[in-house]
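Peer 1: PDB, C-alpha atoms, saved as protein.pdb, coming up:
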ATOM      1  CA  MET A   1     -58.381  42.648 -58.895
ATOM      2  CA  GLY A   2     -57.965  40.917 -62.285
ATOM      3  CA  GLU A   3     -59.936  37.956 -63.467
ATOM      4  CA  GLU A   4     -57.078  35.542 -62.586
ATOM      5  CA  GLN A   5     -57.064  36.344 -58.869
ATOM      6  CA  GLU A   6     -59.665  36.304 -56.132
ATOM      7  CA  GLU A   7     -58.762  37.818 -52.786
ATOM      8  CA  LYS A   8     -59.796  35.768 -49.773
ATOM      9  CA  LYS A   9     -60.666  36.977 -46.260
ATOM     10  CA  ASP A  10     -57.191  36.287 -44.859
ATOM     11  CA  GLY A  11     -55.520  38.332 -47.613
ATOM     12  CA  ALA A  12     -54.366  35.301 -49.641
ATOM     13  CA  ALA A  13     -54.994  35.290 -53.366
ATOM     14  CA  ALA A  14     -56.193  32.322 -55.439
ATOM     15  CA  VAL A  15     -54.778  32.091 -58.955
ATOM     16  CA  ASP A  16     -56.460  30.026 -61.661
ATOM     17  CA  LEU A  17     -53.439  28.355 -63.274
ATOM     18  CA  ARG A  18     -55.526  26.928 -66.113
ATOM     19  CA  LYS A  19     -55.892  30.404 -67.586
ATOM     20  CA  LEU A  20     -52.122  30.937 -67.421
ATOM     21  CA  TYR A  21     -51.474  27.828 -69.524
ATOM     22  CA  GLN A  22     -54.254  28.146 -72.112
ATOM     23  CA  PHE A  23     -52.937  29.119 -75.520
ATOM     24  CA  GLU A  24     -54.387  29.429 -78.959
ATOM     25  CA  PRO A  25     -52.502  27.416 -81.623
ATOM     26  CA  GLU A  26     -51.301  30.582 -83.352
ATOM     27  CA  GLU A  27     -49.745  31.763 -80.057
ATOM     28  CA  LEU A  28     -47.439  28.733 -79.789
ATOM     29  CA  GLN A  29     -43.844  28.892 -81.023
ATOM     30  CA  LEU A  30     -41.629  25.803 -80.791
ATOM     31  CA  ASP A  31     -38.107  26.404 -79.436
ATOM     32  CA  ILE A  32     -35.939  23.277 -79.612
ATOM     33  CA  THR A  33     -32.609  24.107 -78.000
ATOM     34  CA  HIS A  34     -31.038  20.642 -78.061
ATOM     35  CA  SER A  35     -31.323  17.541 -80.191
ATOM     36  CA  SER A  36     -29.472  14.251 -80.106
ATOM     37  CA  TYR A  37     -29.652  10.711 -81.442
ATOM     38  CA  SER A  38     -30.502   7.714 -79.280
ATOM     39  CA  ASN A  39     -30.330   4.047 -80.128
ATOM     40  CA  LEU A  40     -31.143   2.730 -76.644
ATOM     41  CA  ALA A  41     -33.622   3.763 -73.965
ATOM     42  CA  TYR A  42     -34.106   2.662 -70.371
ATOM     43  CA  VAL A  43     -37.489   3.279 -68.797
ATOM     44  CA  GLN A  44     -38.112   3.557 -65.067
ATOM     45  CA  VAL A  45     -41.521   4.026 -63.465
ATOM     46  CA  THR A  46     -42.331   5.282 -59.971
ATOM     47  CA  HIS A  47     -45.661   5.934 -58.325
ATOM     48  CA  ARG A  48     -45.321   9.611 -59.333
ATOM     49  CA  ASP A  49     -43.801   9.687 -62.803
ATOM     50  CA  VAL A  50     -41.978   7.960 -65.651
ATOM     51  CA  CYS A  51     -38.289   8.486 -66.383
ATOM     52  CA  ILE A  52     -36.756   7.620 -69.755
ATOM     53  CA  ASP A  53     -32.986   7.667 -70.298
ATOM     54  CA  PHE A  54     -32.204   8.032 -74.006
ATOM     55  CA  LEU A  55     -28.633   6.794 -74.554
ATOM     56  CA  GLU A  56     -26.132   7.020 -77.414
ATOM     57  CA  MET A  57     -24.466   3.615 -77.580
ATOM     58  CA  PRO A  58     -21.798   2.255 -77.657
ATOM     59  CA  GLY A  59     -20.192   5.352 -76.144
ATOM     60  CA  ALA A  60     -16.526   6.314 -76.101
ATOM     61  CA  HIS A  61     -13.648   5.157 -73.916
ATOM     62  CA  ARG A  62     -12.101   7.926 -71.833
ATOM     63  CA  ASP A  63      -9.718   7.522 -68.918
ATOM     64  CA  GLY A  64     -10.268   3.759 -68.883
ATOM     65  CA  LYS A  65     -14.044   4.004 -68.643
ATOM     66  CA  ALA A  66     -16.849   3.933 -71.189
ATOM     67  CA  LEU A  67     -18.530   7.346 -71.390
ATOM     68  CA  ILE A  68     -22.124   7.118 -72.610
ATOM     69  CA  ASN A  69     -23.939  10.306 -73.569
ATOM     70  CA  GLY A  70     -27.587  10.429 -72.664
ATOM     71  CA  THR A  71     -30.613  12.566 -71.979
ATOM     72  CA  ARG A  72     -33.033  11.922 -69.123
ATOM     73  CA  ILE A  73     -36.682  12.879 -69.585
ATOM     74  CA  TYR A  74     -39.260  12.857 -66.782
ATOM     75  CA  MET A  75     -42.987  12.836 -67.556
ATOM     76  CA  SER A  76     -46.301  12.141 -65.903
ATOM     77  CA  HIS A  77     -48.012   8.779 -66.315
ATOM     78  CA  ALA A  78     -50.634  10.393 -68.564
ATOM     79  CA  ALA A  79     -47.968  11.955 -70.804
ATOM     80  CA  ALA A  80     -46.119   8.609 -70.992
ATOM     81  CA  GLN A  81     -49.336   6.819 -72.010
ATOM     82  CA  LYS A  82     -49.957   9.380 -74.752
ATOM     83  CA  LEU A  83     -46.354   8.982 -75.960
ATOM     84  CA  ALA A  84     -46.657   5.173 -75.982
ATOM     85  CA  GLU A  85     -49.926   5.296 -77.932
ATOM     86  CA  ALA A  86     -48.538   7.808 -80.426
ATOM     87  CA  LEU A  87     -45.333   5.817 -81.001
ATOM     88  CA  SER A  88     -47.209   2.543 -81.328
ATOM     89  CA  GLY A  89     -49.652   3.956 -83.882
ATOM     90  CA  ILE A  90     -47.013   5.770 -85.913
ATOM     91  CA  LEU A  91     -44.614   2.816 -86.004
ATOM     92  CA  GLU A  92     -47.368   0.370 -86.899
ATOM     93  CA  ARG A  93     -48.489   2.578 -89.792
ATOM     94  CA  VAL A  94     -44.936   3.170 -91.062
ATOM     95  CA  HIS A  95     -44.022  -0.512 -90.915
ATOM     96  CA  THR A  96     -47.253  -1.540 -92.629
ATOM     97  CA  GLU A  97     -47.193   1.044 -95.396
ATOM     98  CA  GLU A  98     -43.498   1.309 -96.129
ATOM     99  CA  GLY A  99     -42.165  -2.067 -95.040
ATOM    100  CA  MET A 100     -39.468  -0.596 -92.819
ATOM    101  CA  GLU A 101     -37.326  -2.595 -90.414
ATOM    102  CA  LYS A 102     -39.291  -3.981 -87.491
ATOM    103  CA  TYR A 103     -38.117  -5.096 -84.065
ATOM    104  CA  VAL A 104     -39.633  -8.415 -83.022
ATOM    105  CA  PRO A 105     -39.252  -9.235 -79.318
ATOM    106  CA  GLY A 106     -37.743 -12.689 -78.921
ATOM    107  CA  GLY A 107     -36.814 -12.575 -82.584
ATOM    108  CA  LEU A 108     -33.879 -14.967 -82.143
ATOM    109  CA  GLU A 109     -35.984 -17.778 -80.696
ATOM    110  CA  GLY A 110     -35.693 -20.786 -82.918
ATOM    111  CA  ARG A 111     -32.798 -19.225 -84.850
ATOM    112  CA  ALA A 112     -29.089 -19.291 -84.217
ATOM    113  CA  PRO A 113     -27.700 -15.857 -83.283
ATOM    114  CA  SER A 114     -25.505 -14.407 -86.017
ATOM    115  CA  THR A 115     -22.416 -14.922 -83.841
ATOM    116  CA  LYS A 116     -23.136 -18.657 -83.658
ATOM    117  CA  ALA A 117     -24.223 -19.302 -87.203
ATOM    118  CA  GLY A 118     -23.645 -22.865 -88.229
ATOM    119  CA  ARG A 119     -21.503 -23.688 -91.225
ATOM    120  CA  LYS A 120     -21.730 -26.683 -93.425
ATOM    121  CA  ARG A 121     -18.380 -28.426 -93.412
ATOM    122  CA  GLU A 122     -17.154 -29.843 -96.655
ATOM    123  CA  ASP A 123     -14.057 -31.814 -97.442
ATOM    124  CA  ARG A 124     -12.180 -29.966-100.120
ATOM    125  CA  PRO A 125      -9.162 -31.151-101.999
ATOM    126  CA  VAL A 126      -6.067 -29.122-101.247
TER     127      VAL A 126
END
With the file now loaded, output its structure as structure tokens.

Peer 2:
Amino acid sequence: MGEEQEEKKDGAAAVDLRKLYQFEPEELQLDITHSSYSNLAYVQVTHRDVCIDFLEMPGAHRDGKALINGTRIYMSHAAAQKLAEALSGILERVHTEEGMEKYVPGGLEGRAPSTKAGRKREDRPV
């Protein structure tokens, strides 16, 4: 038998899956078969995993309905935590160093939304 398998008394074989998934960096080759743009994401969490729907808004109207393209990604809680930490660190650094646009939760508090901007009325001669 090979190193990966051990035969047990009942004839079953045990396979060490860790060895099947261990790679050296030079052995890895990235194969991205699909890419898309998303400007909205919905996140759902269950006791088993995290699901993120990346959506392309506003979508297109077809047959009287709005068709929204999207991609659904499932990941473990550990992978989601790593993604959250990586995104948080990268975005914080980019915003700090380059002064890029930043989303501020509750950013409209204390300000009038752009659709309800007040105007100063003036009497003007006609």

Peer 1: Work out how far CA of Ser36 in chain A is from CA of Glu56 in chain A, in Å to one decimal.

Peer 2: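 It comes out at 8.4 Å.
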
Peer 1: In Å, with one decimal, what is the gap from CA of Asp53 in chain A to CA of Lys82 in chain A?

Peer 2: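 Spanning CA of Asp53 in chain A to CA of Lys82 in chain A is a straight-line distance of 17.6 Å.
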
Peer 1: Please identify all polymer residues within 9 Å of range 71-81 of chain A, counting all atoms listed in the file, omitting same-chain residues fewer than 6 positions from it, and present them as a PDB file with C-alpha atoms, in the coordinates of the input.

Peer 2:
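The resulting file, result.pdb, is shown below:
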ATOM      1  CA  SER A  36     -29.472  14.251 -80.106  1.00  0.00           C
ATOM      2  CA  SER A  38     -30.502   7.714 -79.280  1.00  0.00           C
ATOM      3  CA  VAL A  45     -41.521   4.026 -63.465  1.00  0.00           C
ATOM      4  CA  HIS A  47     -45.661   5.934 -58.325  1.00  0.00           C
ATOM      5  CA  ARG A  48     -45.321   9.611 -59.333  1.00  0.00           C
ATOM      6  CA  ASP A  49     -43.801   9.687 -62.803  1.00  0.00           C
ATOM      7  CA  VAL A  50     -41.978   7.960 -65.651  1.00  0.00           C
ATOM      8  CA  CYS A  51     -38.289   8.486 -66.383  1.00  0.00           C
ATOM      9  CA  ILE A  52     -36.756   7.620 -69.755  1.00  0.00           C
ATOM     10  CA  ASP A  53     -32.986   7.667 -70.298  1.00  0.00           C
ATOM     11  CA  PHE A  54     -32.204   8.032 -74.006  1.00  0.00           C
ATOM     12  CA  LEU A  55     -28.633   6.794 -74.554  1.00  0.00           C
ATOM     13  CA  GLU A  56     -26.132   7.020 -77.414  1.00  0.00           C
TER      14      GLU A  56
END

Peer 1: What separation in Å, quoted to one decimal, exists between CA of Ala41 in chain A and CA of Ile90 in chain A?

Peer 2: 18.1 Å
